[in-house]
Amino acid sequence: MKQNMMKIGLIGCGAIGARICSAIDNKLVDAQLVAVYDRSAERCERLLGSLNNRPEILSPGELIFRADLVIECASTAAVREYGLSVLESGKDLMVLSAGAFADSGLLERFISAAAANRCKIYIPSGAIAGIDGLKSASIAHIDRVMITTTKNPEGLKGAPYIVKNNIDLESFHEKTLLFEGSADDAIAAFPANINVAVSLGIAGTGTKNTQVRVFVDPQATSNIHEISVEGDFGRFTCRVENVPSPDNPRTSFLAALSAIATLKKIAEPLQIGT
Ligand SMILES: NC(=O)C1=CN([C@@H]2O[C@H](COP(=O)(O)OP(=O)(O)OC[C@H]3O[C@@H](n4cnc5c(N)ncnc54)[C@H](OP(=O)(O)O)[C@@H]3O)[C@@H](O)[C@H]2O)C=CC1
Ligand SMILES: O=C([O-])CC(=O)C(=O)O
């Protein structure tokens, strides 16, 4: 093994975590998985059972100490619990639960800690396409950013907005608009469904100015995200029809792939895309 191979610690052994670990195990990424952590010991054990090169199961503190880069793929709460310690320890941080950064104060504290400790925060594109174009477009003026998300009732179950408003997801027979608002409001309503809206906000005009619509569609077999951006550059739209993860129908397969692609970008000499 190369001496300077990037050492990775991963927090969250669910749908995304398992895919990332498998990619490292299969040497798709030039990195070493040194440790994992999840509040479910059973999830950690199950994940380790699927790998040839088994990392250790460590506490978050030990994991941070041992890793060069910590990948959070757990929850917005986990970003708040562990993120700052990662950066204050001088380690790089990859965040999948980007919704945590709807709290702009938290994002500012993370950026200051990263700058002070000379480390990086990576937010992969997740389950959407178009972040590259939005980043380029944002160098000039942007008029409007909108994301329209459509999921099967299975993918929206348990969201606070659904529970609070007593919405019976089984009662819909056709595609129906459930929610319309800013990315700030959307992530509070659907914390495990619309992290991508917050990523768009960070890449573009801020979460308050990013418009979100969430549809439920009992006929939907994919998690669909349609993004439209207008500004000085012109306009673009893009639509992703995502295969849901077998282990977690809320989460699209592409989200894990984007984390793996980001790891490759960090580890490899060639950088392509904005
Ligand atoms: N940026 C993007 O495009 C996308 C982001 N996401 C986000 O990525 C994250 C991971 O997604 P996914 O893999 O599908 O989720 P899963 O629910 O499949 O797995 C997450 C795992 O992390 C554990 N976990 C949650 N919070 C903590 C914590 N505070 N400390 C330790 N362990 C914790 C969970 O335990 P338990 O089951 O007990 O909660 C679970 O075992 C989620 O926050 C999700 O919303 C998902 C899709 C796209
Ligand atoms: O995976 C998806 O389709 C998007 C998602 O859940 C999120 O952004 O939280």
# chains A, B, ... in the order shown; residues from 1 in each chain; ligands from 1
call {"tool": "select_by_dssp", "arguments": {"residues": "segment 67-144 of chain A", "states": "strand (DSSP E or B)", "output": "list in words"}}
result
Leu69, Val70, Ile71, Glu72, Asp92, Leu93, Met94, Val95, Ile121, Tyr122, Ile142, Asp143 and Arg144 of chain A
call {"tool": "write_last_selection", "arguments": {"atoms": "N, CA and C atoms", "output": "JSON list (two decimals), in the first residue's frame"}}
result
[["chain", "number", "residue", "atom", "x", "y", "z"],
["A", 69, "LEU", "N", -9.49, 12.27, 5.83],
["A", 69, "LEU", "CA", -10.76, 12.81, 5.33],
["A", 69, "LEU", "C", -11.89, 12.04, 6.00],
["A", 70, "VAL", "N", -12.84, 12.77, 6.57],
["A", 70, "VAL", "CA", -14.01, 12.13, 7.20],
["A", 70, "VAL", "C", -15.21, 12.36, 6.30],
["A", 71, "ILE", "N", -15.89, 11.28, 5.95],
["A", 71, "ILE", "CA", -17.10, 11.37, 5.13],
["A", 71, "ILE", "C", -18.31, 11.24, 6.04],
["A", 72, "GLU", "N", -19.15, 12.28, 6.05],
["A", 72, "GLU", "CA", -20.44, 12.21, 6.76],
["A", 72, "GLU", "C", -21.50, 11.77, 5.76],
["A", 92, "ASP", "N", -9.95, 16.94, 6.51],
["A", 92, "ASP", "CA", -10.94, 17.33, 5.50],
["A", 92, "ASP", "C", -12.27, 16.66, 5.81],
["A", 93, "LEU", "N", -13.35, 17.30, 5.33],
["A", 93, "LEU", "CA", -14.70, 16.81, 5.63],
["A", 93, "LEU", "C", -15.52, 16.75, 4.35],
["A", 94, "MET", "N", -16.16, 15.61, 4.12],
["A", 94, "MET", "CA", -17.13, 15.52, 3.02],
["A", 94, "MET", "C", -18.52, 15.39, 3.63],
["A", 95, "VAL", "N", -19.45, 16.22, 3.17],
["A", 95, "VAL", "CA", -20.79, 16.27, 3.76],
["A", 95, "VAL", "C", -21.83, 15.87, 2.72],
["A", 121, "ILE", "N", -13.76, 21.47, 2.87],
["A", 121, "ILE", "CA", -15.10, 20.89, 3.03],
["A", 121, "ILE", "C", -15.58, 20.56, 1.62],
["A", 122, "TYR", "N", -15.95, 19.30, 1.40],
["A", 122, "TYR", "CA", -16.46, 18.89, 0.09],
["A", 122, "TYR", "C", -17.94, 18.58, 0.19],
["A", 142, "ILE", "N", -27.52, 35.86, -11.37],
["A", 142, "ILE", "CA", -28.53, 34.79, -11.51],
["A", 142, "ILE", "C", -29.90, 35.39, -11.16],
["A", 143, "ASP", "N", -30.90, 35.16, -12.00],
["A", 143, "ASP", "CA", -32.25, 35.66, -11.70],
["A", 143, "ASP", "C", -33.06, 34.65, -10.90],
["A", 144, "ARG", "N", -32.90, 33.36, -11.23],
["A", 144, "ARG", "CA", -33.84, 32.40, -10.65],
["A", 144, "ARG", "C", -33.23, 30.99, -10.64]]
call {"tool": "residues_near_ligand", "arguments": {"ligand": "ligand 2", "cutoff": "6 Å", "atoms": "only C-alpha atoms and all ligand atoms", "output": "VMD selection string"}}
result
chain A and resid 127 192 to 196 223 250 to 252 255
call {"tool": "write_last_selection", "arguments": {"atoms": "N, CA and C atoms", "output": "PDB file, in the first residue's frame"}}
result
ATOM      1  N   ALA A 127     -27.665  13.898  -5.592  1.00  0.00           N
ATOM      2  CA  ALA A 127     -28.597  13.237  -6.508  1.00  0.00           C
ATOM      3  C   ALA A 127     -29.007  14.109  -7.690  1.00  0.00           C
ATOM      4  N   ALA A 192     -34.737  14.568   4.979  1.00  0.00           N
ATOM      5  CA  ALA A 192     -34.013  13.454   4.359  1.00  0.00           C
ATOM      6  C   ALA A 192     -34.360  13.311   2.881  1.00  0.00           C
ATOM      7  N   ASN A 193     -34.994  14.344   2.307  1.00  0.00           N
ATOM      8  CA  ASN A 193     -35.441  14.239   0.918  1.00  0.00           C
ATOM      9  C   ASN A 193     -34.913  15.306  -0.007  1.00  0.00           C
ATOM     10  N   ILE A 194     -34.463  16.415   0.551  1.00  0.00           N
ATOM     11  CA  ILE A 194     -34.221  17.567  -0.322  1.00  0.00           C
ATOM     12  C   ILE A 194     -32.939  18.309   0.059  1.00  0.00           C
ATOM     13  N   ASN A 195     -31.948  17.520   0.534  1.00  0.00           N
ATOM     14  CA  ASN A 195     -30.612  18.081   0.754  1.00  0.00           C
ATOM     15  C   ASN A 195     -30.109  18.769  -0.508  1.00  0.00           C
ATOM     16  N   VAL A 196     -30.501  18.203  -1.658  1.00  0.00           N
ATOM     17  CA  VAL A 196     -30.022  18.751  -2.937  1.00  0.00           C
ATOM     18  C   VAL A 196     -30.422  20.213  -3.126  1.00  0.00           C
ATOM     19  N   ASN A 223     -36.716   8.757  -8.534  1.00  0.00           N
ATOM     20  CA  ASN A 223     -36.705  10.050  -7.826  1.00  0.00           C
ATOM     21  C   ASN A 223     -36.317  11.097  -8.860  1.00  0.00           C
ATOM     22  N   ARG A 250     -35.756   6.737  -0.254  1.00  0.00           N
ATOM     23  CA  ARG A 250     -35.640   8.206  -0.262  1.00  0.00           C
ATOM     24  C   ARG A 250     -34.401   8.632  -1.021  1.00  0.00           C
ATOM     25  N   THR A 251     -33.377   7.774  -0.973  1.00  0.00           N
ATOM     26  CA  THR A 251     -32.046   8.156  -1.440  1.00  0.00           C
ATOM     27  C   THR A 251     -31.762   7.584  -2.816  1.00  0.00           C
ATOM     28  N   SER A 252     -31.306   8.443  -3.729  1.00  0.00           N
ATOM     29  CA  SER A 252     -31.008   8.002  -5.087  1.00  0.00           C
ATOM     30  C   SER A 252     -29.595   7.416  -5.161  1.00  0.00           C
ATOM     31  N   ALA A 255     -26.561   9.701  -5.660  1.00  0.00           N
ATOM     32  CA  ALA A 255     -25.958  10.444  -4.533  1.00  0.00           C
ATOM     33  C   ALA A 255     -24.668   9.753  -4.076  1.00  0.00           C
TER      34      ALA A 255
END
call {"tool": "closest_residue", "arguments": {"among": "A:Ile147, A:Leu200, A:Leu84, A:Leu63", "to": "Cys238 of chain A", "atoms": "only C-alpha atoms"}}
result
A:Ile147
call {"tool": "residues_around", "arguments": {"residues": "segment 213-215 of chain A", "least_positions_apart": "5", "cutoff": "7 Å", "atoms": "only C-alpha atoms", "output": "ChimeraX atom specification"}}
result
/A:147-151,175-181
call {"tool": "residues_near_ligand", "arguments": {"ligand": "ligand 1", "cutoff": "8 Å", "atoms": "only C-alpha atoms and all ligand atoms", "output": "MDAnalysis selection string"}}
result
chainID A and resid 11:18 37:40 43 72:79 81 95:99 123:128 191:196 199 245 247:252 254:256
call {"tool": "residues_around", "arguments": {"residues": "segment 261-274 of chain A", "least_positions_apart": "5", "cutoff": "7 Å", "atoms": "only C-alpha atoms", "output": "list in words"}}
result
Val29, Asp30, Pro124, Asp132 and Ser136 of chain A
call {"tool": "closest_residue", "arguments": {"among": "A:Val86, A:Ala31, A:Ala41, A:Ile64", "to": "Arg118 of chain A", "atoms": "only C-alpha atoms"}}
result
A:Val86
call {"tool": "select_by_dssp", "arguments": {"residues": "segment 95-273 of chain A", "states": "alpha helix (DSSP H)", "output": "compact mmCIF listing (two decimals) with all heavy atoms, in the first residue's frame"}}
result
# COMPACT_ATOMS: atom_id res chain seq x y z
N SER A 104 -27.10 29.07 7.83
CA SER A 104 -25.93 29.72 7.20
C SER A 104 -24.85 30.03 8.24
O SER A 104 -23.67 30.05 7.93
CB SER A 104 -26.35 30.98 6.45
OG SER A 104 -26.98 31.85 7.35
N GLY A 105 -25.26 30.20 9.50
CA GLY A 105 -24.27 30.43 10.57
C GLY A 105 -23.37 29.20 10.73
O GLY A 105 -22.16 29.33 10.92
N LEU A 106 -23.97 28.02 10.64
CA LEU A 106 -23.19 26.78 10.76
C LEU A 106 -22.18 26.70 9.62
O LEU A 106 -21.00 26.40 9.84
CB LEU A 106 -24.12 25.56 10.74
CG LEU A 106 -23.43 24.23 11.00
CD1 LEU A 106 -23.15 24.04 12.49
CD2 LEU A 106 -24.27 23.06 10.50
N LEU A 107 -22.66 26.99 8.41
CA LEU A 107 -21.75 26.92 7.25
C LEU A 107 -20.59 27.91 7.43
O LEU A 107 -19.43 27.58 7.19
CB LEU A 107 -22.52 27.20 5.96
CG LEU A 107 -21.70 27.12 4.67
CD1 LEU A 107 -21.03 25.77 4.52
CD2 LEU A 107 -22.57 27.42 3.46
N GLU A 108 -20.90 29.12 7.92
CA GLU A 108 -19.83 30.11 8.12
C GLU A 108 -18.81 29.62 9.15
O GLU A 108 -17.60 29.77 8.97
CB GLU A 108 -20.42 31.45 8.56
CG GLU A 108 -20.92 32.27 7.38
CD GLU A 108 -21.89 33.36 7.79
OE1 GLU A 108 -21.81 33.83 8.94
OE2 GLU A 108 -22.74 33.71 6.95
N ARG A 109 -19.31 29.01 10.26
CA ARG A 109 -18.38 28.49 11.28
C ARG A 109 -17.50 27.39 10.68
O ARG A 109 -16.31 27.32 10.95
CB ARG A 109 -19.14 27.95 12.49
CG ARG A 109 -19.73 29.04 13.37
CD ARG A 109 -20.09 28.54 14.76
NE ARG A 109 -21.15 27.55 14.77
CZ ARG A 109 -22.44 27.82 14.58
NH1 ARG A 109 -22.84 29.07 14.39
NH2 ARG A 109 -23.35 26.86 14.61
N PHE A 110 -18.09 26.53 9.84
CA PHE A 110 -17.32 25.45 9.22
C PHE A 110 -16.26 26.03 8.29
O PHE A 110 -15.11 25.58 8.29
CB PHE A 110 -18.25 24.51 8.44
CG PHE A 110 -18.88 23.42 9.27
CD1 PHE A 110 -19.36 23.67 10.55
CD2 PHE A 110 -19.02 22.14 8.77
CE1 PHE A 110 -19.94 22.67 11.31
CE2 PHE A 110 -19.61 21.13 9.52
CZ PHE A 110 -20.07 21.40 10.79
N ILE A 111 -16.65 27.03 7.50
CA ILE A 111 -15.69 27.60 6.54
C ILE A 111 -14.54 28.28 7.29
O ILE A 111 -13.36 28.11 6.95
CB ILE A 111 -16.41 28.59 5.58
CG1 ILE A 111 -17.38 27.82 4.67
CG2 ILE A 111 -15.40 29.36 4.73
CD1 ILE A 111 -18.31 28.69 3.83
N SER A 112 -14.87 28.99 8.39
CA SER A 112 -13.79 29.64 9.19
C SER A 112 -12.86 28.59 9.78
O SER A 112 -11.64 28.75 9.74
CB SER A 112 -14.37 30.44 10.36
OG SER A 112 -15.19 31.43 9.87
N ALA A 113 -13.43 27.49 10.29
CA ALA A 113 -12.59 26.44 10.90
C ALA A 113 -11.72 25.79 9.83
O ALA A 113 -10.54 25.50 10.07
CB ALA A 113 -13.47 25.39 11.58
N ALA A 114 -12.30 25.58 8.64
CA ALA A 114 -11.52 24.95 7.56
C ALA A 114 -10.36 25.87 7.14
O ALA A 114 -9.23 25.41 6.96
CB ALA A 114 -12.42 24.65 6.36
N ALA A 115 -10.66 27.18 7.05
CA ALA A 115 -9.61 28.13 6.64
C ALA A 115 -8.52 28.19 7.71
O ALA A 115 -7.33 28.14 7.39
CB ALA A 115 -10.23 29.51 6.42
N ALA A 116 -8.93 28.23 8.99
CA ALA A 116 -7.95 28.36 10.08
C ALA A 116 -7.07 27.11 10.17
O ALA A 116 -5.91 27.19 10.57
CB ALA A 116 -8.67 28.59 11.41
N ILE A 131 -24.99 21.29 -10.94
CA ILE A 131 -24.23 22.15 -10.01
C ILE A 131 -23.05 22.80 -10.73
O ILE A 131 -22.71 23.96 -10.48
CB ILE A 131 -23.72 21.33 -8.79
CG1 ILE A 131 -24.89 20.82 -7.95
CG2 ILE A 131 -22.71 22.10 -7.97
CD1 ILE A 131 -25.23 21.60 -6.71
N ASP A 132 -22.44 22.05 -11.66
CA ASP A 132 -21.31 22.60 -12.41
C ASP A 132 -21.73 23.86 -13.19
O ASP A 132 -21.09 24.91 -13.09
CB ASP A 132 -20.69 21.54 -13.35
CG ASP A 132 -21.73 20.89 -14.26
OD1 ASP A 132 -22.94 21.13 -14.07
OD2 ASP A 132 -21.33 20.16 -15.18
N GLY A 133 -22.84 23.75 -13.91
CA GLY A 133 -23.34 24.90 -14.69
C GLY A 133 -23.77 26.05 -13.81
O GLY A 133 -23.51 27.21 -14.10
N LEU A 134 -24.40 25.71 -12.67
CA LEU A 134 -24.86 26.77 -11.76
C LEU A 134 -23.68 27.53 -11.17
O LEU A 134 -23.70 28.76 -11.04
CB LEU A 134 -25.74 26.14 -10.65
CG LEU A 134 -26.24 27.09 -9.57
CD1 LEU A 134 -27.03 28.26 -10.15
CD2 LEU A 134 -27.10 26.33 -8.55
N LYS A 135 -22.61 26.78 -10.81
CA LYS A 135 -21.42 27.44 -10.25
C LYS A 135 -20.82 28.41 -11.27
O LYS A 135 -20.44 29.53 -10.93
CB LYS A 135 -20.37 26.39 -9.88
CG LYS A 135 -20.58 25.84 -8.48
CD LYS A 135 -19.65 24.70 -8.18
CE LYS A 135 -18.20 25.11 -8.14
NZ LYS A 135 -17.31 23.92 -7.97
N SER A 136 -20.74 27.96 -12.52
CA SER A 136 -20.20 28.85 -13.57
C SER A 136 -21.12 30.06 -13.74
O SER A 136 -20.66 31.21 -13.76
CB SER A 136 -20.10 28.11 -14.91
OG SER A 136 -19.35 26.94 -14.77
N ALA A 137 -22.41 29.79 -13.85
CA ALA A 137 -23.38 30.87 -14.08
C ALA A 137 -23.37 31.89 -12.96
O ALA A 137 -23.59 33.09 -13.18
CB ALA A 137 -24.77 30.26 -14.24
N PRO A 160 -41.17 15.17 8.30
CA PRO A 160 -41.91 16.00 9.26
C PRO A 160 -43.12 16.71 8.66
O PRO A 160 -44.16 16.81 9.30
CB PRO A 160 -40.85 17.02 9.72
CG PRO A 160 -39.55 16.34 9.49
CD PRO A 160 -39.73 15.41 8.33
N TYR A 161 -43.00 17.19 7.40
CA TYR A 161 -44.11 17.91 6.76
C TYR A 161 -45.32 16.99 6.57
O TYR A 161 -46.47 17.41 6.73
CB TYR A 161 -43.63 18.41 5.38
CG TYR A 161 -44.62 19.27 4.65
CD1 TYR A 161 -44.75 20.62 4.93
CD2 TYR A 161 -45.42 18.72 3.64
CE1 TYR A 161 -45.65 21.41 4.25
CE2 TYR A 161 -46.32 19.50 2.95
CZ TYR A 161 -46.43 20.85 3.26
OH TYR A 161 -47.32 21.63 2.56
N ILE A 162 -45.04 15.73 6.25
CA ILE A 162 -46.10 14.75 6.01
C ILE A 162 -46.78 14.43 7.34
O ILE A 162 -48.01 14.40 7.45
CB ILE A 162 -45.50 13.45 5.39
CG1 ILE A 162 -44.76 13.77 4.08
CG2 ILE A 162 -46.56 12.37 5.21
CD1 ILE A 162 -45.61 14.27 2.96
N VAL A 163 -45.96 14.23 8.37
CA VAL A 163 -46.48 13.84 9.69
C VAL A 163 -47.27 15.01 10.29
O VAL A 163 -48.42 14.84 10.71
CB VAL A 163 -45.31 13.42 10.63
CG1 VAL A 163 -45.81 13.13 12.03
CG2 VAL A 163 -44.59 12.20 10.04
N LYS A 164 -46.66 16.21 10.27
CA LYS A 164 -47.28 17.37 10.90
C LYS A 164 -48.63 17.72 10.26
O LYS A 164 -49.58 18.09 10.94
CB LYS A 164 -46.31 18.56 10.77
CG LYS A 164 -46.68 19.74 11.62
CD LYS A 164 -45.58 20.78 11.63
CE LYS A 164 -46.19 22.16 11.70
NZ LYS A 164 -45.47 23.15 10.95
N ALA A 183 -35.70 26.80 -0.30
CA ALA A 183 -34.90 25.64 0.10
C ALA A 183 -34.79 25.56 1.62
O ALA A 183 -34.78 24.46 2.19
CB ALA A 183 -33.52 25.71 -0.54
N ASP A 184 -34.75 26.73 2.29
CA ASP A 184 -34.72 26.77 3.76
C ASP A 184 -35.91 26.04 4.36
O ASP A 184 -35.78 25.22 5.26
CB ASP A 184 -34.84 28.23 4.23
CG ASP A 184 -33.52 28.91 4.30
OD1 ASP A 184 -32.51 28.22 4.12
OD2 ASP A 184 -33.51 30.14 4.52
N ASP A 185 -37.10 26.41 3.84
CA ASP A 185 -38.33 25.80 4.37
C ASP A 185 -38.43 24.34 3.94
O ASP A 185 -38.93 23.49 4.68
CB ASP A 185 -39.56 26.57 3.88
CG ASP A 185 -39.60 27.98 4.48
OD1 ASP A 185 -38.95 28.19 5.53
OD2 ASP A 185 -40.25 28.86 3.89
N ALA A 186 -37.94 24.05 2.73
CA ALA A 186 -38.06 22.68 2.20
C ALA A 186 -37.25 21.69 3.04
O ALA A 186 -37.72 20.59 3.32
CB ALA A 186 -37.60 22.65 0.75
N ILE A 187 -36.06 22.08 3.46
CA ILE A 187 -35.22 21.11 4.19
C ILE A 187 -35.78 20.88 5.61
O ILE A 187 -35.68 19.78 6.14
CB ILE A 187 -33.72 21.53 4.21
CG1 ILE A 187 -32.84 20.37 4.71
CG2 ILE A 187 -33.48 22.79 5.01
CD1 ILE A 187 -32.72 19.20 3.81
N ALA A 188 -36.43 21.92 6.17
CA ALA A 188 -37.07 21.71 7.48
C ALA A 188 -38.26 20.75 7.32
O ALA A 188 -38.51 19.92 8.19
CB ALA A 188 -37.54 23.04 8.04
N ALA A 189 -38.95 20.86 6.18
CA ALA A 189 -40.14 20.03 5.95
C ALA A 189 -39.75 18.60 5.56
O ALA A 189 -40.45 17.64 5.92
CB ALA A 189 -40.98 20.67 4.84
N ASN A 195 -31.95 17.52 0.53
CA ASN A 195 -30.61 18.08 0.75
C ASN A 195 -30.11 18.77 -0.51
O ASN A 195 -29.40 19.78 -0.44
CB ASN A 195 -29.63 16.96 1.11
CG ASN A 195 -29.83 16.42 2.50
OD1 ASN A 195 -29.34 16.99 3.47
ND2 ASN A 195 -30.58 15.33 2.63
N VAL A 196 -30.50 18.20 -1.66
CA VAL A 196 -30.02 18.75 -2.94
C VAL A 196 -30.42 20.21 -3.13
O VAL A 196 -29.69 20.97 -3.77
CB VAL A 196 -30.51 17.90 -4.13
CG1 VAL A 196 -29.77 16.58 -4.20
CG2 VAL A 196 -32.00 17.67 -4.10
N ALA A 197 -31.55 20.61 -2.57
CA ALA A 197 -32.00 22.01 -2.72
C ALA A 197 -31.04 22.95 -1.98
O ALA A 197 -30.77 24.07 -2.44
CB ALA A 197 -33.42 22.17 -2.18
N VAL A 198 -30.54 22.49 -0.83
CA VAL A 198 -29.59 23.32 -0.07
C VAL A 198 -28.25 23.40 -0.81
O VAL A 198 -27.63 24.46 -0.89
CB VAL A 198 -29.45 22.79 1.37
CG1 VAL A 198 -28.37 23.54 2.13
CG2 VAL A 198 -30.79 22.90 2.10
N SER A 199 -27.84 22.28 -1.40
CA SER A 199 -26.60 22.31 -2.21
C SER A 199 -26.75 23.31 -3.36
O SER A 199 -25.82 24.07 -3.65
CB SER A 199 -26.29 20.93 -2.80
OG SER A 199 -26.21 19.98 -1.77
N LEU A 200 -27.92 23.31 -4.00
CA LEU A 200 -28.16 24.29 -5.08
C LEU A 200 -28.07 25.71 -4.56
O LEU A 200 -27.51 26.59 -5.21
CB LEU A 200 -29.56 24.09 -5.67
CG LEU A 200 -29.77 23.04 -6.74
CD1 LEU A 200 -31.25 23.00 -7.11
CD2 LEU A 200 -28.92 23.32 -7.98
N GLY A 201 -28.63 25.93 -3.36
CA GLY A 201 -28.60 27.25 -2.75
C GLY A 201 -27.16 27.71 -2.50
O GLY A 201 -26.80 28.86 -2.79
N ILE A 202 -26.34 26.78 -1.98
CA ILE A 202 -24.94 27.13 -1.68
C ILE A 202 -24.18 27.44 -2.98
O ILE A 202 -23.40 28.38 -3.05
CB ILE A 202 -24.25 26.00 -0.89
CG1 ILE A 202 -24.93 25.83 0.47
CG2 ILE A 202 -22.76 26.26 -0.72
CD1 ILE A 202 -24.54 24.56 1.21
N ALA A 203 -24.48 26.64 -4.01
CA ALA A 203 -23.76 26.84 -5.29
C ALA A 203 -24.26 28.08 -6.04
O ALA A 203 -23.55 28.63 -6.87
CB ALA A 203 -23.95 25.60 -6.18
N PHE A 253 -29.45 6.42 -6.03
CA PHE A 253 -28.15 5.77 -6.27
C PHE A 253 -27.09 6.81 -6.65
O PHE A 253 -25.95 6.77 -6.21
CB PHE A 253 -28.36 4.73 -7.37
CG PHE A 253 -27.16 3.94 -7.77
CD1 PHE A 253 -26.16 3.62 -6.86
CD2 PHE A 253 -27.02 3.48 -9.08
CE1 PHE A 253 -25.04 2.88 -7.25
CE2 PHE A 253 -25.92 2.75 -9.47
CZ PHE A 253 -24.92 2.46 -8.57
N LEU A 254 -27.52 7.81 -7.47
CA LEU A 254 -26.58 8.82 -7.95
C LEU A 254 -25.89 9.57 -6.80
O LEU A 254 -24.75 10.02 -6.95
CB LEU A 254 -27.31 9.82 -8.87
CG LEU A 254 -26.43 10.84 -9.59
CD1 LEU A 254 -25.52 10.17 -10.62
CD2 LEU A 254 -27.29 11.90 -10.29
N ALA A 255 -26.56 9.70 -5.66
CA ALA A 255 -25.96 10.44 -4.53
C ALA A 255 -24.67 9.75 -4.08
O ALA A 255 -23.64 10.41 -3.86
CB ALA A 255 -26.96 10.55 -3.39
N ALA A 256 -24.72 8.42 -3.95
CA ALA A 256 -23.51 7.68 -3.55
C ALA A 256 -22.45 7.77 -4.64
O ALA A 256 -21.26 7.96 -4.35
CB ALA A 256 -23.86 6.23 -3.27
N LEU A 257 -22.89 7.68 -5.89
CA LEU A 257 -21.92 7.76 -7.00
C LEU A 257 -21.23 9.12 -7.00
O LEU A 257 -20.04 9.22 -7.31
CB LEU A 257 -22.63 7.52 -8.34
CG LEU A 257 -23.25 6.13 -8.52
CD1 LEU A 257 -23.94 6.03 -9.88
CD2 LEU A 257 -22.20 5.04 -8.39
N SER A 258 -21.97 10.18 -6.64
CA SER A 258 -21.36 11.52 -6.65
C SER A 258 -20.30 11.65 -5.55
O SER A 258 -19.29 12.33 -5.73
CB SER A 258 -22.42 12.61 -6.52
OG SER A 258 -22.73 12.87 -5.18
N ALA A 259 -20.53 10.97 -4.43
CA ALA A 259 -19.51 10.98 -3.36
C ALA A 259 -18.26 10.23 -3.83
O ALA A 259 -17.13 10.68 -3.59
CB ALA A 259 -20.07 10.33 -2.09
N ILE A 260 -18.47 9.13 -4.52
CA ILE A 260 -17.33 8.34 -5.02
C ILE A 260 -16.57 9.15 -6.08
O ILE A 260 -15.33 9.20 -6.09
CB ILE A 260 -17.82 6.98 -5.59
CG1 ILE A 260 -18.48 6.15 -4.47
CG2 ILE A 260 -16.68 6.20 -6.24
CD1 ILE A 260 -19.36 5.01 -4.94
N ALA A 261 -17.32 9.84 -6.96
CA ALA A 261 -16.68 10.68 -7.98
C ALA A 261 -15.90 11.81 -7.32
O ALA A 261 -14.82 12.19 -7.80
CB ALA A 261 -17.73 11.22 -8.95
N THR A 262 -16.43 12.36 -6.23
CA THR A 262 -15.70 13.44 -5.52
C THR A 262 -14.41 12.90 -4.90
O THR A 262 -13.36 13.56 -4.95
CB THR A 262 -16.61 14.07 -4.44
OG1 THR A 262 -17.79 14.55 -5.06
CG2 THR A 262 -15.92 15.22 -3.73
N LEU A 263 -14.47 11.67 -4.36
CA LEU A 263 -13.24 11.06 -3.82
C LEU A 263 -12.20 10.89 -4.92
O LEU A 263 -11.01 11.15 -4.71
CB LEU A 263 -13.55 9.68 -3.22
CG LEU A 263 -14.22 9.65 -1.87
CD1 LEU A 263 -14.51 8.22 -1.46
CD2 LEU A 263 -13.35 10.34 -0.82
N LYS A 264 -12.66 10.46 -6.09
CA LYS A 264 -11.73 10.29 -7.21
C LYS A 264 -11.10 11.64 -7.60
O LYS A 264 -9.92 11.73 -7.87
CB LYS A 264 -12.45 9.68 -8.43
CG LYS A 264 -12.72 8.19 -8.25
CD LYS A 264 -13.58 7.65 -9.37
CE LYS A 264 -12.85 7.46 -10.67
NZ LYS A 264 -11.86 6.38 -10.66
N LYS A 265 -11.94 12.69 -7.57
CA LYS A 265 -11.44 14.03 -7.92
C LYS A 265 -10.33 14.46 -6.94
O LYS A 265 -9.34 15.04 -7.33
CB LYS A 265 -12.60 15.03 -7.88
CG LYS A 265 -12.24 16.41 -8.36
CD LYS A 265 -13.47 17.28 -8.54
CE LYS A 265 -13.98 17.79 -7.22
NZ LYS A 265 -15.10 18.72 -7.36
N ILE A 266 -10.53 14.11 -5.65
CA ILE A 266 -9.54 14.49 -4.64
C ILE A 266 -8.25 13.69 -4.84
O ILE A 266 -7.15 14.21 -4.72
CB ILE A 266 -10.08 14.25 -3.21
CG1 ILE A 266 -11.32 15.10 -2.95
CG2 ILE A 266 -9.02 14.51 -2.15
CD1 ILE A 266 -12.12 14.69 -1.71
N ALA A 267 -8.41 12.39 -5.18
CA ALA A 267 -7.26 11.48 -5.20
C ALA A 267 -6.48 11.54 -6.52
O ALA A 267 -5.31 11.16 -6.55
CB ALA A 267 -7.74 10.05 -4.94
call {"tool": "atom_distance", "arguments": {"atom1": "atom CA of Ala102 of chain A", "atom2": "atom CA of Ile224 of chain A"}}
result
21.7 Å
call {"tool": "decode", "arguments": {"residues": "segment 88-92 of chain A", "atoms": "N, CA, C and O atoms", "output": "PDB file, in the first residue's frame"}}
result
ATOM      1  N   GLU A  88     -11.596  21.192  13.077  1.00  0.00           N
ATOM      2  CA  GLU A  88     -10.688  21.715  14.114  1.00  0.00           C
ATOM      3  C   GLU A  88      -9.511  20.767  14.352  1.00  0.00           C
ATOM      4  O   GLU A  88      -8.483  21.173  14.879  1.00  0.00           O
ATOM      5  N   SER A  89      -9.660  19.506  13.936  1.00  0.00           N
ATOM      6  CA  SER A  89      -8.532  18.558  14.017  1.00  0.00           C
ATOM      7  C   SER A  89      -7.668  18.640  12.763  1.00  0.00           C
ATOM      8  O   SER A  89      -6.751  17.828  12.581  1.00  0.00           O
ATOM      9  N   GLY A  90      -8.001  19.558  11.865  1.00  0.00           N
ATOM     10  CA  GLY A  90      -7.193  19.728  10.649  1.00  0.00           C
ATOM     11  C   GLY A  90      -7.471  18.667   9.599  1.00  0.00           C
ATOM     12  O   GLY A  90      -6.657  18.451   8.692  1.00  0.00           O
ATOM     13  N   LYS A  91      -8.612  17.996   9.697  1.00  0.00           N
ATOM     14  CA  LYS A  91      -8.942  16.942   8.729  1.00  0.00           C
ATOM     15  C   LYS A  91      -9.987  17.469   7.745  1.00  0.00           C
ATOM     16  O   LYS A  91     -10.831  18.308   8.097  1.00  0.00           O
ATOM     17  N   ASP A  92      -9.948  16.943   6.509  1.00  0.00           N
ATOM     18  CA  ASP A  92     -10.940  17.331   5.503  1.00  0.00           C
ATOM     19  C   ASP A  92     -12.271  16.658   5.815  1.00  0.00           C
ATOM     20  O   ASP A  92     -12.317  15.591   6.445  1.00  0.00           O
TER      21      ASP A  92
END
